[in-house]
>>> print(open('final18.csv').read())   # CSV, C-alpha atoms
chain,number,residue,atom,x,y,z
A,307,THR,CA,-8.4,5.9,-2.5
A,308,ALA,CA,-7.4,8.0,-5.5
A,309,ASP,CA,-3.7,7.0,-5.5
A,310,GLU,CA,-2.7,6.0,-9.0
A,311,VAL,CA,0.8,5.1,-8.0
A,312,VAL,CA,0.1,2.7,-5.1
A,313,PRO,CA,-3.3,1.1,-5.1
A,314,VAL,CA,-5.3,1.4,-1.8
A,315,ASP,CA,-5.5,-2.3,-1.6
A,316,TYR,CA,-1.8,-2.4,-0.8
A,317,CYS,CA,-2.4,-0.8,2.6
A,318,PHE,CA,-4.0,-4.0,3.9
A,319,LEU,CA,-0.8,-5.9,2.9
A,320,TYR,CA,1.4,-3.3,4.5
A,321,GLN,CA,-0.7,-3.5,7.7
A,322,LYS,CA,-0.4,-7.2,7.9
A,323,MET,CA,3.4,-7.1,7.4
A,324,PHE,CA,3.7,-4.4,10.1
A,325,TRP,CA,1.7,-6.5,12.5
A,326,LEU,CA,4.1,-9.4,12.0
A,327,ARG,CA,7.0,-7.3,13.4
A,328,LYS,CA,8.2,-8.0,16.9
A,329,GLU,CA,8.2,-4.3,17.9
A,330,GLY,CA,6.3,-1.2,16.9
A,331,SER,CA,2.7,-0.6,16.2
A,332,CYS,CA,0.6,0.0,13.2
A,333,ASP,CA,-2.8,1.5,12.5
A,334,LYS,CA,-4.4,1.9,9.1
A,335,GLU,CA,-6.6,4.7,7.9
A,336,VAL,CA,-8.0,5.0,4.4
A,337,ILE,CA,-8.5,8.5,3.3
A,338,LEU,CA,-11.2,8.8,0.7
A,339,GLN,CA,-10.2,10.6,-2.6
A,340,ALA,CA,-6.6,11.2,-1.4
A,341,ASP,CA,-4.0,10.8,-4.1
A,342,HIS,CA,-0.4,9.7,-3.7
A,343,THR,CA,0.9,13.1,-2.5
A,344,PHE,CA,-2.3,14.2,-0.7
A,345,SER,CA,-2.5,17.2,-3.0
A,346,SER,CA,-5.9,18.4,-1.9
A,347,ARG,CA,-6.2,20.5,1.2
A,348,ALA,CA,-8.9,18.3,2.7
A,349,ALA,CA,-6.8,15.1,2.3
A,350,ARG,CA,-3.7,16.8,3.8
A,351,GLU,CA,-5.7,18.1,6.8
A,352,GLN,CA,-7.2,14.6,7.4
A,353,LEU,CA,-3.7,13.0,7.0
A,354,PHE,CA,-2.2,15.4,9.6
A,355,ASP,CA,-5.1,15.1,12.0
A,356,ILE,CA,-4.9,11.3,11.9
A,357,THR,CA,-1.1,11.3,12.3
A,358,PHE,CA,-1.1,13.8,15.2
A,359,ARG,CA,-3.8,11.8,17.0
A,360,TRP,CA,-1.8,8.6,16.6
A,361,ILE,CA,1.4,10.2,17.9
A,362,ASP,CA,-0.5,11.7,20.8
A,363,VAL,CA,-1.9,8.3,21.8
A,364,LEU,CA,1.5,6.7,21.6
A,365,GLY,CA,3.0,9.5,23.8
A,366,LYS,CA,0.2,9.1,26.4
A,367,ARG,CA,0.6,5.3,26.4
A,368,ARG,CA,4.4,5.7,27.1
A,369,ASN,CA,3.8,8.2,29.8
A,370,ASP,CA,1.2,6.0,31.5
A,371,TRP,CA,3.7,3.1,31.6
A,372,SER,CA,6.7,5.2,32.7
A,373,LEU,CA,5.5,5.2,36.3
A,374,TRP,CA,5.1,1.4,36.6
A,375,THR,CA,7.8,-0.7,38.3
A,376,ILE,CA,8.2,-4.4,37.6
>>> encode(input="final18.csv", output="structure tokens")
Amino acid sequence: TADEVVPVDYCFLYQKMFWLRKEGSCDKEVILQADHTFSSRAAREQLFDITFRWIDVLGKRRNDWSLWTI
């Protein structure tokens, strides 16, 4: 929310455009007081935590579906 390069409002536009794709997934998280480069330690830790959880969920979802036969 403290990014002076790309306004936080743009994330809603990006999210909508990603939802319109045929493939892939998109989740949005707004990190309060994070600037463009996540220069504060708290913002970086939150960014990494959110990203790792997202990747973990994707991996588990793929593993769950890998045993299915259609």
>>> residues_around(input="final18.csv", residues="stretch 358-364 of chain A", least_positions_apart="4", cutoff="10 Å", atoms="all atoms listed in the file", output="ChimeraX atom specification")
/A:331-333,352-354,368-370
>>> atom_distance(input="final18.csv", atom1="atom CA of A:Tyr316", atom2="atom CA of A:Ala348")
22.2 Å
>>> atom_distance(input="final18.csv", atom1="atom CA of A:Arg347", atom2="atom CA of A:Val314")
19.4 Å
>>> closest_residue(input="final18.csv", among="A:Leu326, A:Ile356, A:Ala340, A:Ala349", to="A:Val312", atoms="all atoms listed in the file")
A:Ala340
>>> residues_around(input="final18.csv", residues="A:His342", least_positions_apart="4", cutoff="9 Å", atoms="all atoms listed in the file", output="list of chain:residue names")
A:Thr307, A:Ala308, A:Asp309, A:Glu310, A:Val311, A:Val312
>>> atom_distance(input="final18.csv", atom1="atom CA of A:Lys334", atom2="atom CA of A:Arg367")
18.3 Å
